[in-house]
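Visitor: So here's work-v6.txt (compact mmCIF, C-alpha atoms).
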```txt
# COMPACT_ATOMS: atom_id res chain seq x y z
CA MET A 2 16.31 6.84 17.73
CA ILE A 3 13.67 9.57 17.97
CA GLN A 4 14.65 10.84 21.43
CA PRO A 5 16.54 13.94 20.18
CA SER A 6 13.48 15.02 18.18
CA ILE A 7 10.92 14.82 20.98
CA SER A 8 12.87 15.55 24.18
CA LYS A 9 11.54 18.43 26.25
CA THR A 10 13.16 20.46 29.02
CA ASP A 11 11.83 20.48 32.58
CA THR A 12 10.67 23.83 33.93
CA ARG A 13 10.65 25.15 37.46
CA MET A 14 6.92 24.45 37.66
CA THR A 15 6.49 21.12 35.84
CA LYS A 16 8.45 18.07 34.85
CA ALA A 17 8.43 17.30 31.11
CA VAL A 18 6.92 14.09 29.77
CA THR A 19 9.87 11.83 28.95
CA PRO A 20 10.55 10.65 25.38
CA GLN A 21 9.84 7.08 26.53
CA GLU A 22 6.40 8.09 27.80
CA GLN A 23 5.65 10.06 24.64
CA LEU A 24 6.54 7.05 22.50
CA ALA A 25 4.48 4.70 24.69
CA ILE A 26 1.42 6.97 24.45
CA THR A 27 1.76 7.21 20.67
CA LEU A 28 2.28 3.50 20.06
CA ARG A 29 -0.65 2.70 22.36
CA TYR A 30 -2.82 5.05 20.33
CA LEU A 31 -1.73 3.61 16.97
CA ALA A 32 -2.06 -0.01 18.08
CA THR A 33 -5.41 0.25 19.88
CA GLY A 34 -7.13 3.33 18.48
CA GLU A 35 -8.09 4.37 22.00
CA THR A 36 -9.43 7.85 22.57
CA GLN A 37 -7.14 10.52 23.89
CA THR A 38 -9.36 10.80 26.96
CA SER A 39 -8.78 7.11 27.73
CA LEU A 40 -5.05 7.53 27.21
CA SER A 41 -4.97 10.51 29.55
CA TYR A 42 -6.35 8.32 32.39
CA GLN A 43 -3.89 5.49 31.65
CA PHE A 44 -0.77 7.63 31.47
CA ARG A 45 -1.87 10.48 33.79
CA VAL A 46 -1.12 13.06 31.14
CA SER A 47 -3.66 15.71 30.19
CA GLN A 48 -5.73 15.18 27.09
CA ASN A 49 -4.62 18.53 25.68
CA LEU A 50 -0.97 17.52 26.00
CA ILE A 51 -1.63 14.10 24.45
CA SER A 52 -3.21 15.83 21.45
CA LEU A 53 0.17 17.52 20.89
CA ILE A 54 2.36 14.51 21.76
CA ILE A 55 0.83 12.09 19.24
CA PRO A 56 1.31 14.09 16.00
CA GLU A 57 4.75 15.30 17.05
CA THR A 58 5.92 11.77 17.88
CA CYS A 59 4.35 10.35 14.69
CA SER A 60 6.22 12.95 12.67
CA ALA A 61 9.49 12.05 14.43
CA ILE A 62 8.90 8.33 13.80
CA TYR A 63 8.37 8.91 10.10
CA GLU A 64 11.27 11.31 9.63
CA THR A 65 13.66 8.98 11.46
CA LEU A 66 12.60 5.58 10.09
CA GLN A 67 11.59 6.47 6.52
CA PRO A 68 15.17 6.74 5.14
CA ILE A 69 15.94 3.32 6.66
CA TYR A 70 12.78 1.27 6.10
CA MET A 71 10.75 2.98 3.37
CA ARG A 72 13.29 4.19 0.86
CA MET A 73 12.16 3.96 -2.75
CA PRO A 74 14.67 2.44 -5.21
CA ARG A 75 16.61 5.01 -7.20
CA SER A 76 18.87 2.93 -9.43
CA GLN A 77 18.38 0.32 -12.13
CA GLU A 78 20.02 -2.34 -9.94
CA GLU A 79 17.61 -1.67 -7.06
CA TRP A 80 14.56 -1.79 -9.35
CA ARG A 81 15.79 -5.03 -10.93
CA LYS A 82 16.00 -6.57 -7.45
CA VAL A 83 12.35 -5.61 -6.85
CA SER A 84 11.45 -7.15 -10.22
CA GLN A 85 13.36 -10.37 -9.48
CA ASP A 86 11.44 -10.76 -6.21
CA PHE A 87 8.10 -10.43 -8.00
CA HIS A 88 9.18 -12.98 -10.59
CA SER A 89 10.46 -15.54 -8.08
CA LEU A 90 7.63 -15.14 -5.53
CA TRP A 91 4.62 -14.30 -7.70
CA ASN A 92 5.60 -15.40 -11.23
CA TYR A 93 5.18 -11.94 -12.71
CA PRO A 94 8.32 -10.80 -14.57
CA LEU A 95 9.47 -7.19 -15.05
CA CYS A 96 7.13 -5.99 -12.27
CA LEU A 97 8.25 -3.05 -10.12
CA GLY A 98 5.43 -3.06 -7.57
CA ALA A 99 1.70 -3.31 -6.90
CA LEU A 100 -0.15 0.01 -6.85
CA ASP A 101 -3.19 0.54 -4.65
CA GLY A 102 -5.12 3.33 -2.99
CA LYS A 103 -7.23 3.51 0.16
CA ARG A 104 -9.50 6.08 1.70
CA VAL A 105 -8.91 6.74 5.40
CA LEU A 106 -12.05 8.07 7.05
CA LEU A 107 -11.81 11.23 9.15
CA GLN A 108 -14.12 13.16 11.38
CA LYS A 109 -15.49 16.12 9.42
CA PRO A 110 -12.69 18.73 9.22
CA ALA A 111 -13.68 22.18 10.43
CA HIS A 112 -14.51 24.73 7.72
CA SER A 113 -13.67 22.23 4.95
CA GLY A 114 -17.02 22.31 3.13
CA SER A 115 -17.10 19.39 0.67
CA HIS A 116 -13.32 19.33 0.17
CA TYR A 117 -12.83 15.95 1.91
CA TYR A 118 -16.34 14.64 1.11
CA ASP A 119 -16.06 11.40 -0.88
CA TYR A 120 -18.40 9.51 -3.19
CA LYS A 121 -19.70 7.32 -0.33
CA GLY A 122 -20.79 10.29 1.75
CA ASN A 123 -17.87 10.21 4.20
CA PHE A 124 -14.99 12.57 4.88
CA SER A 125 -11.65 11.02 4.03
CA THR A 126 -8.04 11.44 3.02
CA ILE A 127 -6.27 9.13 0.57
CA ILE A 128 -3.22 6.85 0.68
CA MET A 129 -1.67 5.99 -2.69
CA ALA A 130 0.98 3.31 -2.20
CA LEU A 131 3.38 1.13 -4.17
CA VAL A 132 4.05 -2.24 -2.50
CA ASP A 133 6.94 -4.64 -3.10
CA ALA A 134 6.82 -8.44 -3.31
CA ASP A 135 7.36 -8.76 0.46
CA TYR A 136 4.29 -6.70 1.52
CA LYS A 137 6.36 -3.62 2.30
CA PHE A 138 5.58 -0.11 1.13
CA LEU A 139 8.10 1.24 -1.36
CA TYR A 140 6.34 4.57 -1.78
CA ALA A 141 3.31 6.30 -0.28
CA ASP A 142 1.53 9.50 -1.21
CA VAL A 143 -0.64 10.56 1.76
CA GLY A 144 -3.01 13.48 2.05
CA THR A 145 -5.01 13.91 -1.15
CA ASN A 146 -8.58 14.90 -0.28
CA GLY A 147 -11.21 12.18 -0.48
CA ARG A 148 -13.10 13.57 -3.47
CA ALA A 149 -10.63 12.11 -5.96
CA SER A 150 -10.79 8.67 -7.60
CA ASP A 151 -7.89 6.20 -7.82
CA GLY A 152 -7.04 7.52 -11.25
CA GLY A 153 -7.47 11.15 -10.22
CA VAL A 154 -5.04 10.72 -7.35
CA TRP A 155 -2.66 8.84 -9.61
CA ASN A 156 -2.66 11.66 -12.17
CA LYS A 157 -1.49 14.09 -9.46
CA CYS A 158 0.97 11.65 -7.89
CA LYS A 159 4.69 12.47 -7.85
CA LEU A 160 5.51 8.84 -8.64
CA LYS A 161 3.62 9.04 -11.96
CA GLU A 162 5.59 12.14 -12.90
CA ASP A 163 8.88 10.51 -11.91
CA ILE A 164 8.13 7.41 -14.02
CA GLU A 165 7.05 9.35 -17.09
CA TYR A 166 10.02 11.71 -16.94
CA GLU A 167 12.44 8.83 -16.16
CA GLU A 168 13.73 10.40 -12.96
CA ILE A 169 13.96 7.36 -10.66
CA GLY A 170 16.28 5.02 -12.54
CA ILE A 171 13.76 2.52 -13.91
CA PRO A 172 15.56 0.09 -16.29
CA PRO A 173 14.87 0.21 -20.05
CA PRO A 174 12.57 -2.38 -21.68
CA ALA A 175 13.81 -5.96 -21.50
CA ASN A 176 12.95 -9.41 -22.86
CA LEU A 177 10.45 -11.50 -20.96
CA PRO A 178 12.08 -14.73 -19.66
CA ASN A 179 12.43 -17.34 -22.41
CA TYR A 180 10.59 -15.01 -24.79
CA ASP A 181 12.31 -13.00 -27.48
CA ILE A 182 10.09 -9.91 -27.22
CA GLN A 183 10.86 -6.74 -25.26
CA VAL A 184 8.34 -5.08 -22.97
CA PRO A 185 8.74 -2.19 -20.52
CA TYR A 186 9.04 -2.72 -16.78
CA VAL A 187 5.57 -2.26 -15.30
CA ILE A 188 3.63 -1.79 -12.10
CA VAL A 189 0.32 -3.61 -11.56
CA GLY A 190 -2.96 -2.16 -10.36
CA ASP A 191 -6.69 -2.83 -10.37
CA ASP A 192 -9.25 -1.53 -12.85
CA ALA A 193 -9.54 1.78 -10.99
CA PHE A 194 -6.24 2.83 -12.55
CA PRO A 195 -5.82 3.85 -16.19
CA LEU A 196 -4.00 1.36 -18.39
CA GLN A 197 -0.59 2.74 -19.39
CA LYS A 198 2.51 1.24 -21.01
CA TYR A 199 4.06 1.08 -17.53
CA LEU A 200 0.85 0.38 -15.56
CA MET A 201 -1.00 -2.88 -16.17
CA ASN A 202 -4.59 -3.51 -15.12
CA PRO A 203 -6.96 -6.45 -15.80
CA TYR A 204 -9.01 -6.94 -18.92
CA PRO A 205 -12.45 -5.51 -18.07
CA GLY A 206 -15.68 -7.50 -17.88
CA ASN A 207 -16.52 -11.11 -17.02
CA ASP A 208 -17.25 -12.39 -20.53
CA GLN A 209 -13.62 -12.93 -21.48
CA SER A 210 -11.67 -15.59 -23.33
CA ASN A 211 -9.77 -18.16 -21.31
CA GLU A 212 -6.49 -16.48 -22.27
CA LYS A 213 -7.64 -13.16 -20.82
CA HIS A 214 -8.88 -14.87 -17.66
CA ILE A 215 -5.40 -16.36 -17.27
CA HIS A 216 -3.84 -12.92 -17.66
CA ASN A 217 -6.20 -11.43 -15.07
CA TYR A 218 -5.40 -14.24 -12.64
CA ARG A 219 -1.63 -13.77 -13.03
CA LEU A 220 -1.97 -10.01 -12.55
CA SER A 221 -4.23 -10.55 -9.52
CA ARG A 222 -1.67 -12.94 -8.04
CA ALA A 223 0.98 -10.20 -8.19
CA ARG A 224 -1.40 -7.45 -7.06
CA ARG A 225 -2.48 -9.40 -3.99
CA VAL A 226 0.62 -8.15 -2.18
CA SER A 227 -0.92 -4.68 -1.90
CA GLU A 228 -4.20 -6.06 -0.54
CA ASN A 229 -2.32 -8.11 2.03
CA ALA A 230 -0.11 -5.15 2.98
CA PHE A 231 -3.12 -2.97 3.74
CA GLY A 232 -4.78 -5.92 5.49
CA ILE A 233 -1.79 -6.37 7.81
CA LEU A 234 -1.67 -2.62 8.40
CA SER A 235 -5.33 -2.32 9.39
CA SER A 236 -5.31 -5.43 11.60
CA ARG A 237 -2.19 -4.42 13.55
CA PHE A 238 -2.84 -0.68 13.77
CA GLN A 239 -6.36 -0.46 15.09
CA VAL A 240 -6.39 3.29 14.78
CA PHE A 241 -7.88 2.38 11.38
CA ASN A 242 -10.89 0.70 13.02
CA LYS A 243 -12.89 3.92 13.05
CA PRO A 244 -12.65 7.44 11.61
CA ILE A 245 -9.58 9.28 12.88
CA ARG A 246 -10.70 12.10 15.12
CA THR A 247 -8.24 14.84 14.29
CA CYS A 248 -7.57 17.38 11.57
CA PRO A 249 -6.39 16.11 8.14
CA GLU A 250 -2.82 17.37 8.65
CA ARG A 251 -2.40 15.43 11.89
CA ALA A 252 -4.20 12.40 10.46
CA ASN A 253 -1.61 12.31 7.67
CA MET A 254 1.17 12.19 10.27
CA VAL A 255 -0.57 9.25 11.96
CA ILE A 256 -0.90 7.40 8.65
CA GLN A 257 2.74 7.96 7.66
CA ALA A 258 3.95 6.70 11.03
CA CYS A 259 1.88 3.52 10.67
CA LEU A 260 3.25 2.88 7.18
CA VAL A 261 6.89 3.17 8.19
CA LEU A 262 6.36 1.16 11.40
CA HIS A 263 4.73 -1.55 9.26
CA ASN A 264 7.89 -1.76 7.12
CA MET A 265 10.13 -1.80 10.19
CA LEU A 266 8.15 -4.63 11.80
CA ARG A 267 8.06 -6.64 8.55
CA THR A 268 11.86 -6.32 8.49
CA GLU A 269 12.75 -6.78 12.16
CA SER A 270 9.91 -8.87 13.62
CA ARG A 271 8.19 -10.57 10.72
CA GLN A 272 6.91 -13.72 12.43
CA ASP A 273 5.33 -11.93 15.40
CA TYR A 274 3.97 -9.01 13.42
CA SER A 275 2.59 -10.80 10.36
CA PRO A 276 2.56 -14.62 10.63
CA PRO A 277 1.59 -16.50 7.43
CA GLU A 278 -1.94 -17.25 8.62
CA LEU A 279 -2.66 -13.52 8.69
CA LEU A 280 -2.34 -13.31 4.88
CA ASP A 281 -4.49 -14.29 1.93
CA GLN A 282 -2.66 -17.18 0.27
CA GLU A 283 -3.01 -19.73 -2.50
CA ASP A 284 -2.87 -23.43 -1.65
CA ILE A 285 -1.41 -24.53 -4.96
CA GLN A 286 -1.41 -28.23 -4.07
CA ARG A 287 -5.14 -28.28 -3.31
CA ARG A 288 -6.02 -25.61 -5.87
CA ARG A 289 -7.82 -23.36 -3.42
CA MET A 290 -7.63 -19.93 -1.84
CA VAL A 291 -6.96 -19.55 1.89
CA VAL A 292 -8.47 -16.40 3.35
CA GLY A 293 -6.17 -14.56 5.75
CA GLN A 294 -7.04 -13.73 9.34
CA TRP A 295 -6.74 -10.01 8.66
CA HIS A 296 -10.28 -10.20 7.29
CA ASP A 297 -11.47 -11.02 10.82
CA HIS A 298 -10.33 -7.64 12.12
CA GLN A 299 -12.33 -4.48 11.78
CA HIS A 300 -10.95 -1.88 9.41
CA ASN A 301 -13.91 0.45 9.17
CA ALA A 302 -11.76 3.51 8.50
CA LEU A 303 -10.11 2.03 5.37
CA GLY A 304 -12.10 1.95 2.15
CA ASP A 305 -11.54 1.37 -1.55
CA LEU A 306 -11.43 4.14 -4.10
CA GLN A 307 -13.93 4.88 -6.83
CA VAL A 308 -13.62 3.13 -10.19
CA ILE A 309 -13.94 5.39 -13.24
CA ALA A 310 -13.93 3.82 -16.73
CA ARG A 311 -11.39 5.18 -19.23
CA ARG A 312 -10.46 4.37 -22.81
CA PRO A 313 -6.87 3.04 -22.82
CA LYS A 314 -4.25 4.02 -25.36
CA ARG A 315 -3.36 1.58 -28.11
CA ASP A 316 0.30 1.17 -27.13
CA ALA A 317 -0.72 0.32 -23.56
CA MET A 318 -3.19 -2.30 -24.85
CA GLN A 319 -0.41 -3.81 -26.96
CA VAL A 320 1.84 -4.21 -23.90
CA ARG A 321 -0.98 -5.90 -21.97
CA ASP A 322 -1.62 -8.22 -24.92
CA LEU A 323 2.09 -9.20 -24.95
CA PHE A 324 1.91 -10.13 -21.27
CA CYS A 325 -1.29 -12.07 -21.98
CA THR A 326 0.36 -14.03 -24.78
CA TYR A 327 3.40 -14.72 -22.61
CA PHE A 328 1.36 -15.98 -19.63
CA ASN A 329 -0.51 -18.39 -21.91
CA ASN A 330 2.62 -19.78 -23.58
CA GLU A 331 6.27 -19.62 -22.46
CA GLY A 332 5.40 -17.98 -19.14
CA SER A 333 2.59 -20.33 -18.09
CA VAL A 334 2.58 -22.13 -14.73
CA PRO A 335 1.04 -25.58 -14.15
CA TRP A 336 -1.74 -24.50 -11.82
CA GLN A 337 -3.01 -21.40 -13.58
CA ASN A 338 -6.00 -22.92 -15.41
CA GLU A 339 -7.60 -24.26 -12.25
CA MET A 340 -6.72 -21.25 -10.07
CA ALA A 341 -8.01 -18.78 -12.67
CA LEU A 342 -11.49 -20.26 -12.17
CA LEU A 343 -11.43 -19.04 -8.54
CA HIS A 344 -11.06 -15.47 -9.79
```
Written as structure tokens, that's how I'd like the structure from this file.

Guide:
Amino acid sequence: MIQPSISKTDTRMTKAVTPQEQLAITLRYLATGETQTSLSYQFRVSQNLISLIIPETCSAIYETLQPIYMRMPRSQEEWRKVSQDFHSLWNYPLCLGALDGKRVLLQKPAHSGSHYYDYKGNFSTIIMALVDADYKFLYADVGTNGRASDGGVWNKCKLKEDIEYEEIGIPPPANLPNYDIQVPYVIVGDDAFPLQKYLMNPYPGNDQSNEKHIHNYRLSRARRVSENAFGILSSRFQVFNKPIRTCPERANMVIQACLVLHNMLRTESRQDYSPPELLDQEDIQRRRMVVGQWHDHQHNALGDLQVIARRPKRDAMQVRDLFCTYFNNEGSVPWQNEMALLH
């Protein structure tokens, strides 16, 4: 599929590296995180050439596969399908995705000053992603410098603008199932994101009523898809095991290629790529959490974003309270009281 984009012509002096070899070098790098020097010995290609092959092939992978495997919904029917999946799989109605952000550590970029210097004292770039109910990335914003918080990145994100200006076909507010009250379609995130009418986060603090604990559990149950998606990504693409040793622009190409390959493998080779034991899961029958095997893998180059407290708007708090009331009445599930205690 990517051969036309990366094919090179032989010269009278040298024979070009074939597209198959370029792809093999790139996939080996993404899957193992090996150094370019190590790859040069394995494939008998110079390190300088490998440093050009990897970003070019990553770019070709993303440009070719993104329209097929990482296309964001653009119509009300497509968004309703996403929402139906969240309701049937995770018991969260009118949900359009789980929002999460990760810092990807980099070697210090040349002449960057403190531009990529984050709050933990590392240099990083940021992934902001929306994940569907099947652990696939619907949308990803890659490349914001590491100084920003979750909310700061979100405020600059194209997805936020598209939602607020109603440019991506999100359906109008609808009734919750078996509940005669309308609420907007929402996305779910953690407490690093600002509460909005269309963006739900948990009630803050530990000293909460039982009803609010139930709400936080139900939101966490839906949001776990984003944690598992990044867990699968970091365990299968070991380039995230340590800081990426390249410039931010090329690192962004590497990240985008990994995201779209993740979606392709979840679609085409689910059982081999991400078997159930790899994921964090709930054992509803025994009322316990089962920790996924992705936690056993190193992911030293992926980190969480900074939490910054904000005062939410009243209309956003009212929407969250409606979901809270629903989850404690018509929308309750039999196991939620016991499982909420684990959270």

Visitor: Using all atoms listed in the file, find the one residue out of A:Tyr117, A:Tyr140, A:Tyr30, A:Tyr199 that sits nearest to Gln257 in chain A.

Guide: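 When distances to Gln257 in chain A are compared using all atoms listed in the file, the smallest one comes from A:Tyr140.
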
Visitor: Please list as a list of chain:residue names every residue within 8 Å of range 240-251 of chain A, counting all atoms listed in the file and excluding residues in the same chain fewer than 3 positions away.

Guide: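 Counting all atoms listed in the file, the residues come to A:Tyr30, A:Leu31, A:Ala32, A:Thr33, A:Gly34, A:Glu35, A:Pro56, A:Val105, A:Leu106, A:Leu107, A:Gln108, A:Pro110, A:Ala111, A:Thr126, A:Gly144, A:Ser235, A:Met254, A:Val255, A:Gln299, A:His300, A:Asn301, A:Ala302, A:Leu303.
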
Visitor: For Asn217 in chain A, find every residue with an atom within 8 Å (counting all atoms listed in the file), except residues of its own chain fewer than 5 positions away, and show them as a PDB file with C-alpha atoms, in the frame of the given file.

Guide:
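The result, written out as around-v4.pdb:
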```pdb
ATOM      1  CA  PRO A 203      -6.960  -6.450 -15.800  1.00  0.00           C
ATOM      2  CA  TYR A 204      -9.010  -6.940 -18.920  1.00  0.00           C
ATOM      3  CA  ALA A 341      -8.010 -18.780 -12.670  1.00  0.00           C
TER       4      ALA A 341
END
```

Visitor: Using Å and a single decimal, report how far CA of Met129 in chain A sits from CA of Lys103 in chain A.

Guide: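 Result for CA of Lys103 in chain A versus CA of Met129 in chain A: 6.7 Å, one decimal.
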
Visitor: Determine the nearest neighbour of Phe194 in chain A from the options A:Leu100, A:Val291, A:Leu266, A:Leu279, counting only C-alpha atoms.

Guide: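 Of A:Leu100, A:Val291, A:Leu266, A:Leu279, the one nearest Phe194 in chain A, counting only C-alpha atoms, is A:Leu100.
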
Visitor: Which polymer residues have any atom within 10 Å of an atom of Leu131 in chain A, counting only C-alpha atoms, with same-chain residues fewer than 5 positions away left out, as JSON, numbers by chain?

Guide: {"A": [73, 97, 98, 99, 100, 101, 102, 136, 137, 138, 139, 140, 141, 142, 160, 188, 189, 190, 226, 227]}

Visitor: Choose the residue, out of A:Ile54, A:Met71, A:Ile285, A:Ala317, that has the smallest atom-to-atom separation from Gln197 in chain A; count all atoms listed in the file.

Guide: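 So, comparing all the options, the nearest one is A:Ala317.
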
Visitor: Looking at A:Tyr63, A:Tyr180, A:Trp155, A:Trp80, which one is nearest to Ile127 in chain A, with distances taken over all atoms listed in the file?

Guide: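 Among the listed residues, A:Trp155 lies closest to Ile127 in chain A.
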
Visitor: Just give me the gap between CA of Leu323 in chain A and CA of Arg225 in chain A in Å, one decimal is fine.

Guide: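 It comes out at 21.5 Å.
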
Visitor: Calculated over all atoms listed in the file, which of the candidates A:Phe231, A:Tyr120, A:Tyr70, A:Phe87 has the smallest distance to Leu306 in chain A?

Guide: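 When distances to Leu306 in chain A are compared using all atoms listed in the file, the smallest one comes from A:Tyr120.
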
Visitor: Check the smallest atom-to-atom distance from each of A:Val320, A:Leu262, A:Leu40, A:Cys325 to Tyr186 in chain A using only C-alpha atoms, then report the winner.

Guide: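 The answer is A:Val320, which sits nearest to Tyr186 in chain A.
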
Visitor: Just the number, please: distance in Å from CA of Ala175 in chain A to CA of Gln85 in chain A, one decimal.

Guide: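 Between CA of Ala175 in chain A and CA of Gln85 in chain A the gap works out to 12.8 Å.
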
Visitor: Hey, what's within 12 Å of Pro276 in chain A if we count all atoms listed in the file and toss same-chain stuff fewer than 3 positions away? As a PDB file with C-alpha atoms, in the coordinates of the input, please?

Guide:
```pdb
ATOM      1  CA  ASN A 229      -2.320  -8.110   2.030  1.00  0.00           C
ATOM      2  CA  ILE A 233      -1.790  -6.370   7.810  1.00  0.00           C
ATOM      3  CA  ARG A 237      -2.190  -4.420  13.550  1.00  0.00           C
ATOM      4  CA  LEU A 266       8.150  -4.630  11.800  1.00  0.00           C
ATOM      5  CA  ARG A 267       8.060  -6.640   8.550  1.00  0.00           C
ATOM      6  CA  SER A 270       9.910  -8.870  13.620  1.00  0.00           C
ATOM      7  CA  ARG A 271       8.190 -10.570  10.720  1.00  0.00           C
ATOM      8  CA  GLN A 272       6.910 -13.720  12.430  1.00  0.00           C
ATOM      9  CA  ASP A 273       5.330 -11.930  15.400  1.00  0.00           C
ATOM     10  CA  LEU A 279      -2.660 -13.520   8.690  1.00  0.00           C
ATOM     11  CA  LEU A 280      -2.340 -13.310   4.880  1.00  0.00           C
ATOM     12  CA  ASP A 281      -4.490 -14.290   1.930  1.00  0.00           C
ATOM     13  CA  GLN A 282      -2.660 -17.180   0.270  1.00  0.00           C
ATOM     14  CA  GLY A 293      -6.170 -14.560   5.750  1.00  0.00           C
ATOM     15  CA  GLN A 294      -7.040 -13.730   9.340  1.00  0.00           C
ATOM     16  CA  TRP A 295      -6.740 -10.010   8.660  1.00  0.00           C
TER      17      TRP A 295
END
```

Visitor: Could range 279-286 of chain A be completed with all heavy atoms and returned as a tab-separated table (two decimals), in the coordinates of the input?

Guide:
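The resulting file, result23.tsv, is reproduced below:
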```tsv
chain	number	residue	atom	x	y	z
A	279	LEU	N	-2.01	-14.83	8.77
A	279	LEU	CA	-2.66	-13.52	8.69
A	279	LEU	C	-2.98	-13.13	7.25
A	279	LEU	O	-3.84	-12.29	7.00
A	279	LEU	CB	-1.76	-12.47	9.33
A	279	LEU	CG	-2.35	-11.10	9.67
A	279	LEU	CD1	-3.42	-11.22	10.73
A	279	LEU	CD2	-1.26	-10.14	10.13
A	280	LEU	N	-2.31	-13.76	6.27
A	280	LEU	CA	-2.34	-13.31	4.88
A	280	LEU	C	-3.26	-14.16	4.02
A	280	LEU	O	-3.43	-15.36	4.25
A	280	LEU	CB	-0.92	-13.37	4.30
A	280	LEU	CG	0.19	-12.72	5.11
A	280	LEU	CD1	1.53	-13.00	4.48
A	280	LEU	CD2	-0.05	-11.23	5.24
A	281	ASP	N	-3.84	-13.54	2.99
A	281	ASP	CA	-4.49	-14.29	1.93
A	281	ASP	C	-3.42	-15.06	1.16
A	281	ASP	O	-2.41	-14.48	0.74
A	281	ASP	CB	-5.22	-13.35	0.96
A	281	ASP	CG	-6.46	-12.73	1.57
A	281	ASP	OD1	-6.93	-13.23	2.60
A	281	ASP	OD2	-6.96	-11.74	1.00
A	282	GLN	N	-3.65	-16.35	0.95
A	282	GLN	CA	-2.66	-17.18	0.27
A	282	GLN	C	-3.34	-18.16	-0.67
A	282	GLN	O	-4.53	-18.46	-0.54
A	282	GLN	CB	-1.84	-17.98	1.29
A	282	GLN	CG	-1.09	-17.14	2.31
A	282	GLN	CD	-0.33	-18.01	3.29
A	282	GLN	OE1	0.68	-18.61	2.96
A	282	GLN	NE2	-0.83	-18.08	4.51
A	283	GLU	N	-2.55	-18.66	-1.61
A	283	GLU	CA	-3.01	-19.73	-2.50
A	283	GLU	C	-2.45	-21.06	-2.01
A	283	GLU	O	-1.25	-21.16	-1.75
A	283	GLU	CB	-2.54	-19.48	-3.93
A	283	GLU	CG	-3.21	-18.32	-4.62
A	283	GLU	CD	-2.70	-18.13	-6.04
A	283	GLU	OE1	-1.55	-18.53	-6.31
A	283	GLU	OE2	-3.44	-17.59	-6.85
A	284	ASP	N	-3.31	-22.05	-1.90
A	284	ASP	CA	-2.87	-23.43	-1.65
A	284	ASP	C	-2.78	-24.10	-3.02
A	284	ASP	O	-3.77	-24.63	-3.53
A	284	ASP	CB	-3.87	-24.13	-0.74
A	284	ASP	CG	-3.40	-25.53	-0.34
A	284	ASP	OD1	-2.47	-26.06	-0.99
A	284	ASP	OD2	-3.98	-26.10	0.61
A	285	ILE	N	-1.59	-24.04	-3.60
A	285	ILE	CA	-1.41	-24.53	-4.96
A	285	ILE	C	-1.68	-26.03	-5.04
A	285	ILE	O	-2.27	-26.52	-6.01
A	285	ILE	CB	0.01	-24.21	-5.48
A	285	ILE	CG1	0.25	-22.69	-5.48
A	285	ILE	CG2	0.23	-24.80	-6.86
A	285	ILE	CD1	-0.68	-21.93	-6.37
A	286	GLN	N	-1.25	-26.78	-4.03
A	286	GLN	CA	-1.41	-28.23	-4.07
A	286	GLN	C	-2.87	-28.64	-4.12
A	286	GLN	O	-3.25	-29.56	-4.84
A	286	GLN	CB	-0.73	-28.86	-2.83
A	286	GLN	CG	0.76	-28.57	-2.72
A	286	GLN	CD	1.55	-29.05	-3.92
A	286	GLN	OE1	1.26	-30.11	-4.47
A	286	GLN	NE2	2.53	-28.28	-4.35
```
